[in-house]
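Engineer: Provided below: coords.txt, containing compact mmCIF, C-alpha atoms.
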# COMPACT_ATOMS: atom_id res chain seq x y z
CA GLY A 91 28.59 -10.29 0.61
CA LYS A 92 25.37 -12.26 0.94
CA LEU A 93 24.22 -10.34 4.02
CA ARG A 94 24.82 -7.02 2.30
CA ALA A 95 22.88 -8.22 -0.74
CA ILE A 96 19.98 -9.27 1.48
CA GLU A 97 20.07 -5.96 3.34
CA GLU A 98 19.45 -4.15 0.06
CA TYR A 99 15.91 -5.57 0.17
CA ALA A 100 15.26 -5.25 3.91
CA ALA A 101 12.61 -2.56 3.49
CA GLU A 102 10.82 -4.56 0.79
CA CYS A 103 10.83 -7.65 3.04
CA SER A 104 9.15 -5.70 5.85
CA ILE A 105 6.60 -4.25 3.41
CA ILE A 106 5.71 -7.66 2.02
CA LYS A 107 5.51 -9.26 5.49
CA VAL A 108 3.11 -6.61 6.79
CA ALA A 109 0.95 -6.37 3.67
CA LEU A 110 0.48 -10.06 2.99
CA SER A 111 -0.10 -11.04 6.62
CA GLU A 112 -2.84 -8.41 6.90
CA TYR A 113 -4.43 -9.32 3.56
CA CYS A 114 -4.47 -12.95 4.73
CA ASP A 115 -5.95 -11.90 8.07
CA PHE A 116 -8.75 -10.02 6.34
CA CYS A 117 -9.60 -13.05 4.19
CA ALA A 118 -9.58 -15.40 7.19
CA ASP A 119 -11.86 -13.06 9.14
CA GLU A 120 -14.28 -12.92 6.19
CA MET A 121 -14.18 -16.72 6.02
CA VAL A 122 -15.25 -17.00 9.66
CA GLN A 123 -18.06 -14.54 9.01
CA ILE A 124 -19.28 -16.46 5.96
CA PHE A 125 -19.31 -19.73 7.91
CA GLY A 126 -21.30 -18.00 10.62
CA GLY A 127 -21.50 -19.91 13.91
CA TYR A 128 -19.71 -22.86 12.30
CA GLY A 129 -16.76 -20.55 11.65
CA TYR A 130 -16.11 -20.49 15.39
CA SER A 131 -16.15 -24.26 15.72
CA ALA A 132 -13.04 -26.46 15.50
CA ASP A 133 -15.13 -28.93 13.47
CA TYR A 134 -14.90 -26.60 10.48
CA PRO A 135 -11.84 -25.22 8.63
CA ALA A 136 -12.47 -21.51 9.23
CA GLU A 137 -11.49 -21.67 12.91
CA ARG A 138 -8.07 -23.17 12.14
CA ALA A 139 -7.45 -20.71 9.30
CA TYR A 140 -8.31 -17.81 11.61
CA ARG A 141 -5.85 -18.92 14.31
CA ASP A 142 -3.09 -19.68 11.80
CA SER A 143 -3.57 -16.31 10.13
CA ARG A 144 -3.56 -14.34 13.37
CA ILE A 145 -0.05 -15.44 14.39
CA ASN A 146 1.39 -14.06 11.14
CA ARG A 147 1.08 -10.50 12.46
CA ILE A 148 3.19 -11.44 15.50
CA PHE A 149 6.06 -13.72 14.56
CA GLU A 150 8.97 -12.83 12.23
CA GLY A 151 8.82 -9.38 13.81
CA THR A 152 5.46 -7.92 14.77
CA ASN A 153 3.78 -5.83 12.10
CA GLU A 154 4.20 -2.76 14.31
CA ILE A 155 7.97 -3.26 14.48
CA ASN A 156 8.20 -3.93 10.75
CA ARG A 157 6.20 -0.78 10.01
CA MET A 158 8.65 1.32 11.99
CA LEU A 159 11.59 -0.31 10.25
CA VAL A 160 10.43 0.60 6.72
CA PRO A 161 10.98 4.41 6.86
CA GLY A 162 14.15 3.95 8.91
CA ARG A 163 15.69 1.58 6.39
CA LEU A 164 14.85 3.91 3.52
CA MET A 165 16.42 6.85 5.35
CA LYS A 166 19.52 4.77 6.11
CA ALA A 167 19.84 3.91 2.42
CA ALA A 168 19.38 7.57 1.51
CA LEU A 169 22.05 8.78 3.96
CA SER A 170 24.50 6.17 2.72
CA GLY A 171 23.98 7.26 -0.88
CA ARG A 172 22.44 3.95 -1.97
CA LEU A 173 19.06 5.61 -2.54
CA ALA A 174 18.61 9.04 -4.13
CA LEU A 175 15.87 9.92 -1.67
CA LEU A 176 17.07 13.30 -0.44
CA PRO A 177 17.50 14.95 -3.88
CA ALA A 178 14.10 13.55 -4.89
CA ALA A 179 12.51 14.99 -1.74
CA GLN A 180 14.03 18.41 -2.44
CA ALA A 181 12.82 18.33 -6.05
CA LEU A 182 9.34 17.41 -4.84
CA MET A 183 9.27 20.29 -2.36
CA ASP A 184 10.23 22.65 -5.19
CA GLU A 185 7.32 21.26 -7.20
CA ILE A 186 4.95 21.72 -4.27
CA LEU A 187 6.01 25.32 -3.65
CA SER A 188 5.83 26.30 -7.32
CA PRO A 189 3.35 23.91 -8.95
CA SER A 190 3.09 23.95 -12.73
CA MET A 191 -0.14 23.56 -14.62
CA GLY A 192 0.97 20.13 -15.78
CA SER A 193 -0.15 18.31 -18.86
CA PHE A 194 -3.69 17.45 -19.84
CA ASP A 195 -2.89 14.26 -21.74
CA LEU A 196 -5.64 11.69 -21.83
CA ASP A 197 -5.23 8.31 -20.20
CA GLU A 198 -4.32 5.74 -22.81
CA GLY A 199 -3.38 2.11 -22.64
CA LEU A 200 -4.06 -0.59 -20.07
CA LEU A 201 -3.99 0.70 -16.48
CA ALA A 202 -2.69 4.12 -17.58
CA ALA A 203 -4.76 5.91 -14.93
CA GLU A 204 -3.56 3.52 -12.25
CA GLN A 205 0.06 4.03 -13.29
CA LYS A 206 -0.41 7.79 -12.75
CA LEU A 207 -2.00 7.13 -9.37
CA ALA A 208 0.97 4.99 -8.35
CA LYS A 209 3.40 7.67 -9.51
CA ASN A 210 1.57 10.27 -7.44
CA ALA A 211 1.36 7.89 -4.47
CA LYS A 212 5.16 7.80 -4.50
CA LYS A 213 5.12 11.59 -4.26
CA VAL A 214 2.82 11.42 -1.24
CA ALA A 215 5.15 8.90 0.41
CA LEU A 216 8.16 11.09 -0.36
CA MET A 217 6.38 14.22 0.88
CA THR A 218 5.42 12.69 4.24
CA LEU A 219 8.79 11.00 4.78
CA GLY A 220 10.67 14.13 3.73
CA THR A 221 8.61 16.31 6.05
CA ALA A 222 9.19 13.89 8.93
CA ALA A 223 12.95 13.73 8.30
CA GLN A 224 13.21 17.52 8.13
CA LYS A 225 11.18 18.09 11.27
CA TYR A 226 12.60 15.40 13.55
CA MET A 227 16.02 14.68 11.98
CA MET A 228 17.92 12.28 14.26
CA GLY A 229 14.92 12.04 16.60
CA LEU A 230 12.69 10.48 13.94
CA SER A 231 13.20 6.98 15.32
CA ASP A 232 11.36 8.04 18.49
CA GLN A 233 8.25 9.22 16.59
CA GLN A 234 6.45 5.90 16.40
CA GLU A 235 3.07 7.25 15.30
CA ILE A 236 4.67 9.25 12.48
CA LEU A 237 6.74 6.26 11.32
CA MET A 238 3.63 4.03 11.31
CA GLY A 239 1.69 6.54 9.22
CA VAL A 240 4.51 6.94 6.70
CA ALA A 241 4.93 3.16 6.54
CA ASP A 242 1.24 2.60 5.73
CA ILE A 243 1.55 5.03 2.81
CA ILE A 244 4.71 3.32 1.53
CA ILE A 245 3.17 -0.16 1.87
CA ASP A 246 0.08 0.73 -0.17
CA THR A 247 2.24 2.48 -2.77
CA TYR A 248 4.50 -0.55 -3.13
CA ALA A 249 1.49 -2.87 -3.43
CA MET A 250 -0.13 -0.63 -6.08
CA GLU A 251 2.94 -0.67 -8.29
CA SER A 252 3.47 -4.41 -7.78
CA ALA A 253 -0.11 -5.19 -8.82
CA ILE A 254 0.12 -2.92 -11.87
CA LEU A 255 3.41 -4.40 -13.08
CA ARG A 256 2.20 -7.97 -12.55
CA THR A 257 -1.02 -7.34 -14.51
CA LEU A 258 0.77 -5.54 -17.34
CA LYS A 259 3.23 -8.43 -17.64
CA MET A 260 0.34 -10.91 -17.82
CA ALA A 261 -1.48 -8.81 -20.42
CA ALA A 262 1.68 -8.56 -22.53
CA SER A 263 2.20 -12.33 -22.54
CA GLN A 264 -1.40 -13.58 -22.61
CA GLY A 265 -3.41 -10.68 -23.98
CA GLU A 266 -5.63 -8.09 -22.30
CA LYS A 267 -8.70 -10.34 -22.49
CA ALA A 268 -6.95 -13.09 -20.54
CA ALA A 269 -5.83 -10.53 -17.97
CA ALA A 270 -9.27 -8.92 -17.59
CA LEU A 271 -9.94 -10.41 -14.14
CA TYR A 272 -6.55 -9.26 -12.85
CA THR A 273 -7.13 -5.84 -14.34
CA ASP A 274 -10.35 -5.60 -12.30
CA MET A 275 -8.44 -6.64 -9.18
CA THR A 276 -5.66 -4.12 -9.80
CA ARG A 277 -7.99 -1.23 -10.55
CA THR A 278 -10.11 -1.97 -7.49
CA PHE A 279 -7.06 -2.23 -5.25
CA CYS A 280 -5.57 1.03 -6.56
CA ASN A 281 -8.88 2.86 -6.12
CA ASP A 282 -9.12 1.77 -2.48
CA ALA A 283 -5.40 2.25 -1.81
CA VAL A 284 -5.45 5.90 -2.88
CA GLU A 285 -8.27 6.57 -0.42
CA ARG A 286 -6.25 4.96 2.37
CA ILE A 287 -3.09 6.82 1.37
CA GLU A 288 -4.91 10.16 1.43
CA ALA A 289 -6.34 9.47 4.90
CA HIS A 290 -2.99 8.34 6.35
CA ALA A 291 -1.20 11.32 4.81
CA LYS A 292 -3.72 13.82 6.19
CA ASN A 293 -3.35 12.49 9.71
CA THR A 294 0.43 12.22 9.51
CA LEU A 295 0.95 15.68 8.02
CA ALA A 296 -1.40 17.23 10.58
CA ALA A 297 0.75 15.69 13.32
CA MET A 298 3.86 17.41 11.95
CA ALA A 299 2.77 20.76 10.55
CA GLU A 300 0.25 23.52 11.10
CA GLY A 301 -0.83 26.86 9.68
CA ASP A 302 0.41 27.85 6.20
CA GLU A 303 2.83 24.94 6.03
CA LEU A 304 0.07 22.40 6.63
CA ARG A 305 -2.25 24.11 4.15
CA THR A 306 0.46 23.98 1.48
CA LEU A 307 1.13 20.30 2.11
CA LEU A 308 -2.57 19.43 2.09
CA ALA A 309 -3.08 21.31 -1.18
CA ALA A 310 -0.29 19.20 -2.70
CA LEU A 311 -1.86 16.06 -1.23
CA ARG A 312 -5.17 16.86 -2.91
CA ARG A 313 -3.40 17.18 -6.27
CA PHE A 314 -1.54 13.92 -5.81
CA THR A 315 -4.59 11.88 -4.75
CA LYS A 316 -7.07 13.36 -7.20
CA MET A 317 -8.85 10.61 -9.12
CA THR A 318 -12.15 9.69 -10.71
CA PRO A 319 -13.60 6.86 -8.61
CA MET A 320 -14.26 3.64 -10.52
CA ASN A 321 -17.26 1.36 -10.15
CA THR A 322 -15.72 -1.00 -7.61
CA VAL A 323 -19.09 -2.65 -6.93
CA ALA A 324 -19.33 -4.00 -10.48
CA ALA A 325 -15.65 -4.97 -10.50
CA ARG A 326 -15.99 -6.88 -7.23
CA GLN A 327 -19.05 -8.69 -8.60
CA ARG A 328 -17.07 -9.77 -11.67
CA ILE A 329 -14.22 -10.98 -9.47
CA ALA A 330 -16.61 -12.87 -7.16
CA ASN A 331 -18.45 -14.46 -10.10
CA ALA A 332 -15.16 -15.65 -11.59
CA MET A 333 -14.14 -17.21 -8.25
CA ILE A 334 -17.52 -18.92 -7.85
CA GLU A 335 -17.38 -20.25 -11.42
CA ALA A 336 -13.85 -21.57 -10.91
CA ASN A 337 -15.06 -23.32 -7.74
CA ARG A 338 -11.48 -23.68 -6.56
CA TYR A 339 -11.95 -23.29 -2.82
CA VAL A 340 -14.54 -25.93 -1.91
CA TYR A 341 -13.86 -28.07 1.17
Transcribe the structure of this file into C-alpha cells.
Structural biologist:
Amino acid sequence: GKLRAIEEYAAECSIIKVALSEYCDFCADEMVQIFGGYGYSADYPAERAYRDSRINRIFEGTNEINRMLVPGRLMKAALSGRLALLPAAQALMDEILSPSMGSFDLDEGLLAAEQKLAKNAKKVALMTLGTAAQKYMMGLSDQQEILMGVADIIIDTYAMESAILRTLKMAASQGEKAAALYTDMTRTFCNDAVERIEAHAKNTLAAMAEGDELRTLLAALRRFTKMTPMNTVAARQRIANAMIEANRYVY
C-alpha cells in the first residue's frame, strides 16, 4: 500500500532531486566566485558550501541515473494505464500534422503568458517522448542520450509549472503587490527555461528523425516555443536589490 503510493510520485522525486541539486550547485559555484580567492579557502564558508553542494549530484542516485529514470517511469505509468500519456501523444501528433490557426486571445491576468508557455512546454515534452517511444519502442531504455534530453525538457517543464502555481497561490492569498518579487523570479525562470527546452528538443529530435519528419517536428517546436522575450536584466536587478535590502545572507 505505502510503497505503491510512493511509487506514484517516483518520477516527480527524480525531477526534484535533479533540479534542486543543480540549482544549489549553481548558487554554490557563484558564491565561490563572489568570494574570489577566499572562496577556495577553508577559512571561509564558500569552500564548505561548494563541497557540500557537489555531493548532492552523486548520492541518492546520481543525477544521470535519475534523468534516465524520469522518462522510463512515465512510460511505465502510461503502459499500465495510470497515465493517459499515449492518447495525449496521439492527439498531439494529429495537431502537429494538421495545425489549426489557433486563437488570437490576448494575455490577461497574472502570469498568463507564462501559463501558456508551460502548457506548450508540456507539448514539447510529449512530442519528444512520444517520438522516442515510437522510434525505439522496447529498446528505449538503451538510448541514454535520448532519455537524458527528454528528461531535461520534462524537468524544466515541471519546474515552470511549479513556480507559476506557487506564485499564483501567493498572489491570491497576499495580493499581487506582495508577490511582485516572486512574479519576477517566475517570469525570469520561464523565459530562460523555454530557451533551454527549445535547445534540448532540437538536439534530441535531430538524433531521432531526419528529412521531412524532422522538418515537421521542428516546425511544431517553433510554434510551441514561440515567445516574446522579457527584460530579464531589469527583473534580475530587482531580485538582487530585494535580496541586498533584506540582508538575510550575511556571515
Engineer: Pick out the residues sitting within 12 Å of A:Tyr134, and hand them over as a list in words; count all atoms listed in the file, and ignore anything fewer than 5 positions along from it in its own chain.
Structural biologist: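 With the cut-off at 12 Å, the set is Met121, Val122, Ile124, Phe125, Gly126, Gly127, Tyr128, Gly129, Ala139, Tyr140 and Tyr341 of chain A.
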Engineer: Dump C-alpha atoms for the selected residues as an mmCIF file, in the coordinates of the input?
Structural biologist:
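The resulting part_29.cif:
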data_model
loop_
_atom_site.group_PDB
_atom_site.id
_atom_site.type_symbol
_atom_site.label_atom_id
_atom_site.label_comp_id
_atom_site.auth_asym_id
_atom_site.auth_seq_id
_atom_site.Cartn_x
_atom_site.Cartn_y
_atom_site.Cartn_z
ATOM 1 C CA MET A 121 -14.180 -16.720 6.020
ATOM 2 C CA VAL A 122 -15.250 -17.000 9.660
ATOM 3 C CA ILE A 124 -19.280 -16.460 5.960
ATOM 4 C CA PHE A 125 -19.310 -19.730 7.910
ATOM 5 C CA GLY A 126 -21.300 -18.000 10.620
ATOM 6 C CA GLY A 127 -21.500 -19.910 13.910
ATOM 7 C CA TYR A 128 -19.710 -22.860 12.300
ATOM 8 C CA GLY A 129 -16.760 -20.550 11.650
ATOM 9 C CA ALA A 139 -7.450 -20.710 9.300
ATOM 10 C CA TYR A 140 -8.310 -17.810 11.610
ATOM 11 C CA TYR A 341 -13.860 -28.070 1.170
#
Engineer: Rounded to one decimal, what separation in Å do you get between atom CA of A:Met250 and atom CA of A:Gln224?
Structural biologist: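 Atom CA of A:Gln224 lies at a distance of 26.6 Å from atom CA of A:Met250.
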Engineer: Taking (-8.0, -3.8, -7.7) in the coordinates of the supplied file, I want to know which residues reach to within 10 Å of it, counting only C-alpha atoms; could you give the answer as an NGL selection string?
Structural biologist: :A and (204 or 250 or 253-254 or 271-283 or 322 or 325-326 or 329)
Engineer: Using atom CA of A:Ala296 and atom CA of A:Leu159 as the two end points, give the distance in Å to one decimal.
Structural biologist: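 Value for the atom CA of A:Ala296-atom CA of A:Leu159 distance: 21.8 Å.
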Engineer: Near A:Thr221, within 12 Å and counting only C-alpha atoms, which residues show up once chain neighbours fewer than 2 positions away are dropped, as a PyMOL selection string?
Structural biologist: chain A and resi 176+179-180+182-183+213-219+223-227+230+236-237+240+291+294-299+303-304+307
Engineer: Quick one: residues within 8 Å of stretch 101-112 of chain A, all atoms listed in the file, excluding same-chain residues fewer than 2 positions away - as a list in words?
Structural biologist: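 Residues near the query, excluding close chain neighbours: Glu98, Tyr99, Cys114, Asp115, Phe116, Ser143, Asn146, Arg147, Asn153, Asn156, Arg157, Leu159, Val160, Pro161, Arg163, Leu164, Ile245, Tyr248 and Ala249 of chain A.
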Engineer: Can you tell me how far atom CA of A:Ile287 sits from atom CA of A:Gly301, in Å to one decimal?
Structural biologist: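 It comes out at 21.8 Å.
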Engineer: Counting all atoms listed in the file, figure out which residue out of A:Asn210, A:Gln123, A:Ser231, A:Gln264 gets nearest to A:Ala136.
Structural biologist: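 For A:Ala136, the nearest of the candidates is A:Gln123.
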Engineer: Rank A:Phe149, A:Leu93, A:Asp184, A:Gly162 by their smallest atom-to-atom distance to A:Gly229, using all atoms listed in the file, and report the top residue only.
Structural biologist: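 Closest residue, counting all atoms listed in the file: A:Gly162.
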Engineer: With distances taken over all atoms listed in the file, which residue among A:Glu185, A:Asp119, A:Asp232, A:Glu154 lies nearest A:Asp142?
Structural biologist: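 Checking each of A:Glu185, A:Asp119, A:Asp232, A:Glu154 against A:Asp142, counting all atoms listed in the file, the winner is A:Asp119.
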Engineer: May I have the protein, DNA and RNA residues with any atom at most 12 Å from the point (2.8, 7.2, -13.2), counting only C-alpha atoms, written as a list in words?
Structural biologist: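 Every residue inside that radius is included here: Asp197, Leu201, Ala202, Ala203, Glu204, Gln205, Lys206, Leu207, Ala208, Lys209, Asn210, Ala211, Lys212, Lys213, Thr247, Met250, Glu251, Ile254, Leu255 and Phe314 of chain A.
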Engineer: For A:Leu200, which residue out of A:Ile148, A:Met228, A:Ala181, A:Ala262 is the nearest one, using only C-alpha atoms?
Structural biologist: A:Ala262
